[in-house]
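Q: upload17.cif is reproduced below (mmCIF, C-alpha atoms).
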data_model
#
loop_
_atom_site.label_atom_id
_atom_site.label_comp_id
_atom_site.auth_asym_id
_atom_site.auth_seq_id
_atom_site.Cartn_x
_atom_site.Cartn_y
_atom_site.Cartn_z
CA MET A 1 13.22 3.78 16.85
CA PHE A 2 9.95 3.21 14.98
CA GLY A 3 8.37 1.16 17.75
CA LEU A 4 4.77 0.06 17.12
CA SER A 5 4.21 -2.11 20.17
CA GLY A 6 0.52 -2.53 20.95
CA LYS A 7 -0.60 -1.22 17.56
CA VAL A 8 -2.80 -3.08 15.10
CA ALA A 9 -1.96 -2.69 11.41
CA LEU A 10 -3.79 -3.81 8.28
CA VAL A 11 -1.75 -4.28 5.10
CA THR A 12 -3.85 -4.84 1.99
CA GLY A 13 -2.27 -7.05 -0.66
CA GLY A 14 0.10 -8.22 2.06
CA SER A 15 0.88 -11.70 0.76
CA ARG A 16 3.81 -10.83 -1.51
CA GLY A 17 6.20 -8.17 -2.77
CA ILE A 18 6.08 -4.78 -1.09
CA GLY A 19 3.02 -5.84 0.88
CA ARG A 20 4.80 -8.81 2.43
CA ALA A 21 7.90 -6.78 3.22
CA THR A 22 5.71 -4.13 4.83
CA ALA A 23 3.81 -6.66 6.94
CA GLU A 24 7.10 -8.10 8.17
CA ALA A 25 8.59 -4.67 8.86
CA LEU A 26 5.59 -3.51 10.91
CA ALA A 27 5.54 -6.77 12.86
CA ALA A 28 9.27 -6.42 13.57
CA GLN A 29 8.47 -3.08 15.21
CA GLY A 30 5.89 -4.73 17.47
CA ALA A 31 2.60 -4.28 15.59
CA HIS A 32 -0.04 -6.99 15.36
CA VAL A 33 -0.36 -7.25 11.58
CA ILE A 34 -3.43 -8.25 9.60
CA VAL A 35 -2.29 -9.63 6.24
CA ASN A 36 -4.98 -9.11 3.62
CA TYR A 37 -5.22 -11.27 0.51
CA VAL A 38 -7.69 -12.02 -2.28
CA ARG A 39 -6.59 -15.27 -3.89
CA GLY A 40 -3.18 -15.90 -2.31
CA GLU A 41 -4.34 -17.44 0.96
CA GLU A 42 -1.43 -19.86 1.14
CA GLU A 43 1.07 -17.07 0.47
CA ALA A 44 -0.56 -14.95 3.17
CA ARG A 45 -0.32 -17.82 5.64
CA ARG A 46 3.38 -18.14 4.88
CA VAL A 47 3.82 -14.45 5.69
CA VAL A 48 2.10 -14.96 9.03
CA GLU A 49 4.24 -18.01 9.75
CA ALA A 50 7.41 -16.06 8.95
CA ILE A 51 6.35 -13.25 11.29
CA GLU A 52 5.43 -15.64 14.10
CA ALA A 53 8.72 -17.51 13.67
CA ARG A 54 10.47 -14.26 14.57
CA GLY A 55 8.29 -13.74 17.62
CA GLY A 56 5.80 -11.36 16.01
CA LYS A 57 2.01 -11.36 15.87
CA ALA A 58 0.00 -11.62 12.67
CA GLU A 59 -3.11 -13.08 11.09
CA THR A 60 -4.67 -13.37 7.64
CA LEU A 61 -7.82 -11.67 6.44
CA GLY A 62 -9.26 -12.44 3.02
CA PHE A 63 -11.37 -9.91 1.13
CA ASP A 64 -11.35 -8.15 -2.24
CA VAL A 65 -10.63 -4.44 -1.75
CA ALA A 66 -12.62 -3.71 -4.92
CA ASP A 67 -15.76 -4.88 -3.08
CA LEU A 68 -16.55 -1.94 -0.79
CA GLY A 69 -19.14 -3.86 1.20
CA ALA A 70 -16.81 -6.77 1.84
CA SER A 71 -13.97 -4.41 2.77
CA GLU A 72 -16.01 -2.48 5.30
CA GLU A 73 -17.47 -5.60 6.85
CA ALA A 74 -14.07 -7.28 7.21
CA ILE A 75 -12.24 -4.22 8.52
CA THR A 76 -14.97 -3.30 10.98
CA ALA A 77 -15.17 -6.85 12.33
CA ALA A 78 -11.39 -7.15 12.70
CA ALA A 79 -11.15 -3.83 14.53
CA LYS A 80 -13.97 -4.83 16.88
CA ARG A 81 -12.41 -8.21 17.61
CA LEU A 82 -8.93 -6.81 18.23
CA GLY A 83 -10.19 -3.72 20.00
CA ARG A 84 -8.49 -1.23 17.71
CA LEU A 85 -7.04 -0.44 14.28
CA ASP A 86 -4.16 2.00 14.33
CA ILE A 87 -2.60 1.63 10.88
CA LEU A 88 -3.84 1.08 7.34
CA VAL A 89 -1.34 0.45 4.56
CA ALA A 90 -3.32 0.50 1.31
CA ASN A 91 -0.93 -1.51 -0.83
CA ALA A 92 -3.21 -3.75 -2.93
CA GLY A 93 -2.95 -2.92 -6.61
CA VAL A 94 -3.00 -4.30 -10.12
CA SER A 95 -1.37 -3.18 -13.35
CA ILE A 96 -2.67 -3.89 -16.85
CA ASP A 97 -0.27 -2.18 -19.21
CA ASN A 98 -0.95 -1.15 -22.79
CA LEU A 99 -1.19 1.91 -24.97
CA LEU A 100 -4.41 3.80 -24.27
CA LEU A 101 -5.96 3.01 -27.66
CA ARG A 102 -5.50 -0.71 -27.02
CA VAL A 103 -6.83 -0.84 -23.45
CA LYS A 104 -10.17 -2.60 -23.05
CA GLU A 105 -12.97 -1.08 -20.98
CA GLU A 106 -13.00 -4.03 -18.60
CA GLU A 107 -9.27 -3.57 -18.02
CA ILE A 108 -9.80 0.10 -17.15
CA ASP A 109 -12.58 -0.86 -14.76
CA ARG A 110 -10.44 -3.51 -13.06
CA VAL A 111 -7.45 -1.25 -12.46
CA LEU A 112 -9.52 1.66 -11.17
CA SER A 113 -11.69 -0.62 -9.02
CA VAL A 114 -8.72 -2.12 -7.19
CA ASN A 115 -6.25 0.76 -7.17
CA VAL A 116 -8.59 3.69 -6.56
CA LYS A 117 -11.97 2.46 -5.34
CA GLY A 118 -10.25 -0.19 -3.23
CA ALA A 119 -8.01 2.35 -1.52
CA LEU A 120 -10.96 4.70 -0.94
CA GLY A 121 -13.10 1.95 0.54
CA CYS A 122 -10.44 0.63 2.89
CA ALA A 123 -9.56 4.14 4.01
CA ARG A 124 -13.20 4.94 4.71
CA ALA A 125 -13.66 1.83 6.83
CA ALA A 126 -10.38 2.28 8.71
CA ILE A 127 -10.85 6.00 9.37
CA LYS A 128 -14.24 5.34 10.97
CA VAL A 129 -12.42 3.28 13.60
CA MET A 130 -9.50 5.69 13.93
CA MET A 131 -11.77 8.69 14.44
CA ARG A 132 -13.21 7.17 17.60
CA ALA A 133 -9.69 6.64 18.94
CA ARG A 134 -8.60 10.09 17.74
CA THR A 135 -5.39 8.66 16.34
CA GLY A 136 -4.28 6.68 13.30
CA ARG A 137 -1.93 6.29 10.38
CA VAL A 138 -2.94 5.79 6.74
CA VAL A 139 -0.31 5.14 4.09
CA PHE A 140 -1.15 4.76 0.41
CA LEU A 141 1.24 2.93 -1.92
CA SER A 142 1.25 4.99 -5.11
CA SER A 143 3.99 4.79 -7.76
CA VAL A 144 6.67 6.84 -9.44
CA VAL A 145 4.63 6.62 -12.67
CA GLY A 146 1.80 8.44 -10.92
CA GLU A 147 4.16 11.43 -10.72
CA MET A 148 6.17 11.23 -13.93
CA GLY A 149 3.99 9.12 -16.25
CA ASN A 150 5.18 6.25 -18.40
CA ALA A 151 4.30 5.25 -21.96
CA GLY A 152 2.09 2.18 -22.03
CA GLN A 153 0.81 2.67 -18.48
CA SER A 154 -1.87 5.33 -18.88
CA VAL A 155 -4.50 3.59 -16.77
CA TYR A 156 -2.08 2.49 -14.05
CA ALA A 157 -0.49 5.95 -13.92
CA ALA A 158 -3.91 7.58 -13.65
CA SER A 159 -4.88 5.29 -10.80
CA LYS A 160 -1.68 5.94 -8.88
CA ALA A 161 -1.86 9.70 -9.46
CA ALA A 162 -5.37 9.62 -7.99
CA LEU A 163 -3.94 8.35 -4.71
CA LEU A 164 -1.79 11.45 -4.38
CA GLY A 165 -4.83 13.70 -4.52
CA LEU A 166 -6.63 11.40 -2.12
CA THR A 167 -3.71 11.58 0.30
CA LYS A 168 -3.74 15.38 0.46
CA THR A 169 -7.51 15.55 0.79
CA LEU A 170 -7.82 13.01 3.59
CA ALA A 171 -4.87 14.58 5.38
CA ARG A 172 -6.82 17.84 5.52
CA GLU A 173 -10.10 16.19 6.45
CA TYR A 174 -8.86 14.14 9.41
CA ALA A 175 -5.85 15.93 10.87
CA SER A 176 -8.05 17.34 13.62
CA ARG A 177 -8.81 13.76 14.69
CA GLY A 178 -5.14 12.88 15.09
CA ILE A 179 -4.98 10.88 11.87
CA THR A 180 -2.07 11.34 9.48
CA VAL A 181 -2.35 10.36 5.82
CA ASN A 182 0.69 10.01 3.59
CA ALA A 183 1.73 8.32 0.35
CA ILE A 184 4.82 6.52 -0.84
CA THR A 185 5.81 6.40 -4.50
CA PRO A 186 8.11 3.43 -5.10
CA GLY A 187 10.23 3.44 -8.21
CA PHE A 188 11.62 0.37 -10.01
CA ILE A 189 11.36 -2.21 -7.23
CA ASP A 190 12.32 -5.87 -7.59
CA THR A 191 8.88 -7.53 -7.32
CA ASP A 192 6.69 -9.96 -9.28
CA MET A 193 5.12 -6.99 -11.06
CA THR A 194 8.46 -5.79 -12.46
CA SER A 195 9.93 -9.25 -13.07
CA SER A 196 7.66 -9.70 -16.08
CA LEU A 197 9.24 -6.75 -17.90
CA GLY A 198 11.50 -7.50 -20.87
CA GLU A 199 15.26 -7.17 -20.49
CA GLY A 200 15.35 -4.19 -22.86
CA THR A 201 12.76 -2.37 -20.77
CA LYS A 202 14.62 -3.14 -17.56
CA GLU A 203 17.93 -1.90 -18.97
CA GLY A 204 16.31 1.32 -20.13
CA MET A 205 14.79 1.93 -16.71
CA LEU A 206 18.05 1.24 -14.90
CA LYS A 207 19.78 3.90 -17.00
CA ALA A 208 17.24 6.41 -15.69
CA ILE A 209 18.04 5.62 -12.05
CA PRO A 210 20.96 7.61 -10.61
CA LEU A 211 21.66 4.91 -8.00
CA GLY A 212 21.97 2.44 -10.88
CA ARG A 213 19.97 -0.44 -9.42
CA THR A 214 16.48 -1.65 -8.65
CA GLY A 215 15.07 -1.10 -5.20
CA ARG A 216 14.23 -3.83 -2.70
CA PRO A 217 10.77 -4.29 -1.18
CA GLU A 218 12.39 -3.97 2.24
CA GLU A 219 13.55 -0.46 1.39
CA VAL A 220 9.98 0.60 0.66
CA ALA A 221 8.76 -1.17 3.79
CA ALA A 222 11.22 0.77 5.94
CA ALA A 223 9.71 4.02 4.68
CA VAL A 224 6.23 2.75 5.49
CA ALA A 225 7.30 1.80 9.01
CA PHE A 226 8.67 5.30 9.53
CA LEU A 227 5.45 6.99 8.41
CA CYS A 228 3.43 4.71 10.71
CA SER A 229 5.56 5.51 13.74
CA ASP A 230 5.50 8.32 16.30
CA ALA A 231 8.69 9.62 14.67
CA ALA A 232 6.47 10.82 11.79
CA SER A 233 3.71 12.29 13.95
CA TYR A 234 4.11 15.76 12.40
CA ILE A 235 4.10 14.56 8.80
CA THR A 236 0.81 14.43 6.90
CA GLY A 237 -0.32 14.99 3.32
CA GLU A 238 3.17 14.17 2.07
CA THR A 239 4.52 11.95 -0.69
CA LEU A 240 7.73 10.10 0.15
CA ARG A 241 9.68 8.99 -2.92
CA VAL A 242 11.58 5.71 -2.73
CA ASN A 243 12.94 5.52 -6.26
CA GLY A 244 16.73 5.76 -6.28
CA GLY A 245 16.55 9.21 -7.80
CA MET A 246 14.51 8.10 -10.81
CA TYR A 247 12.20 11.07 -10.31
CA MET A 248 13.09 14.11 -8.21
#
For the structure just supplied, provide its representation as structure tokens.
A:
Amino acid sequence: MFGLSGKVALVTGGSRGIGRATAEALAAQGAHVIVNYVRGEEEARRVVEAIEARGGKAETLGFDVADLGASEEAITAAAKRLGRLDILVANAGVSIDNLLLRVKEEEIDRVLSVNVKGALGCARAAIKVMMRARTGRVVFLSSVVGEMGNAGQSVYAASKAALLGLTKTLAREYASRGITVNAITPGFIDTDMTSSLGEGTKEGMLKAIPLGRTGRPEEVAAAVAFLCSDAASYITGETLRVNGGMYM
């Protein structure tokens, strides 16, 4: 239904969690997937191996999204070598949680560099390729806290809220070139990032979720696959919530 045969997709931060699930979901629909990583090269290789074991096509590509020069060089070279780049899933992100008065300047810089500047840089490089083809899909992974806020996550929430404004702006700028730009705001998903939370925090969050459970990375990945497919060709500038009803 969401067939992506012949498409080339780049998933940043694709070595684990939602990124890995997304890479596998896009490959299952026929896309050739580029799995980006920074330090987790071995994890990224395992993702590629898992995809290939199921008959899919994938490769790794290491670069730090916070380095705009490195991002553009890597993305441009990959698109040239493969002959196209149809899909960008800007998933790479970091979270450094603390009350605002306790957050260090270097922590603010790190979160904004990866989550905001990184997404901007990758989008800029990918859209240059997509404009020539007059088609493309860009999906930003934001977060439920970017919509509703959350105590102790001021910097992370600010970075994820920024992606929502970016989504709407780029959707307006590049619709005439056949490029759609959308965002997904996952809620409490069972990943490495949420596994470090204390039991009390987890219990409190579960009480706020009408479906009464955490989400699975695969459930977020399915939403990404939909937005990247022809089935979503008339959807742009939208935010798709995958949060079990945590925020409506």
Q: Apply the PyMOL selection byres ((chain A and resi 116-132) around 8) to the file shown and report the selected residues as a PyMOL selection string.
A: chain A and resi 65-68+71-72+75-76+79+84-86+88+90+92+111-115+133-136+138+140+159-160+162-163+174+177-179
Q: Quick one: residues within 9 Å of Val181 in chain A, only C-alpha atoms counted, chain neighbours fewer than 2 positions away excluded, as a ChimeraX atom specification?
A: /A:136-140,167-172,174-175,179,183,227,235-238
Q: Go through A:Glu107, A:Gly69, A:Phe63, A:His32 one by one, measure the shortest atom-to-atom distance of each to Leu82 in chain A using only C-alpha atoms, and give the residue with the smallest value.
A: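 Closest residue, counting only C-alpha atoms: A:His32.
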Q: Hey, which of A:Ala78, A:Met148, A:Ala232, A:Ile51 ends up closest to Thr22 in chain A? Count only C-alpha atoms.
A: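 Going through A:Ala78, A:Met148, A:Ala232, A:Ile51 one by one, the smallest distance to Thr22 in chain A is for A:Ile51.
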Q: Which one of A:Lys207, A:Lys57, A:Arg45, A:Arg39 sits closest to Leu26 in chain A if you count all atoms listed in the file?
A: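 That would be A:Lys57, the residue with the smallest distance to Leu26 in chain A.
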Q: Taking only C-alpha atoms into account, which of A:Gly244, A:Ser229, A:Ile87, A:Val155 comes nearest Val103 in chain A?
A: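 That would be A:Val155, the residue with the smallest distance to Val103 in chain A.
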Q: Can you tell me which residues surround Leu206 in chain A at a distance of at most 12 Å, considering all atoms listed in the file, apart from same-chain residues fewer than 2 positions away, and format the answer as a list in words?
A: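 The neighbour list is Gly187, Phe188, Ile189, Asp190, Glu199, Gly200, Thr201, Lys202, Glu203, Gly204, Ala208, Ile209, Pro210, Leu211, Gly212, Arg213, Thr214, Gly215, Asn243, Gly244, Gly245 and Met246 of chain A.
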Q: A:Val48, A:Ser143, A:Ala53, A:Thr180: which is nearest Ser233 in chain A, counting all atoms listed in the file?
A: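 Counting all atoms listed in the file, the residue closest to Ser233 in chain A is A:Thr180.
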Q: Check what the PyMOL selection byres ((chain A and resi 35) around 12) selects in the file above and give those residues as a ChimeraX atom specification.
A: /A:8-16,19-24,26-27,31-34,36-38,40-51,57-63,75,78,88-92
Q: Please, what distance in Å, to one decimal, runs between CA of Arg241 in chain A and CA of Glu173 in chain A?
A: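 Calculated distance between CA of Arg241 in chain A and CA of Glu173 in chain A is 23.0 Å.
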Q: For the atom pair CA of Leu164 in chain A and CA of Val242 in chain A, what is the interatomic distance in Å to one decimal place?
A: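 Straight-line distance from CA of Leu164 in chain A to CA of Val242 in chain A works out to 14.6 Å.
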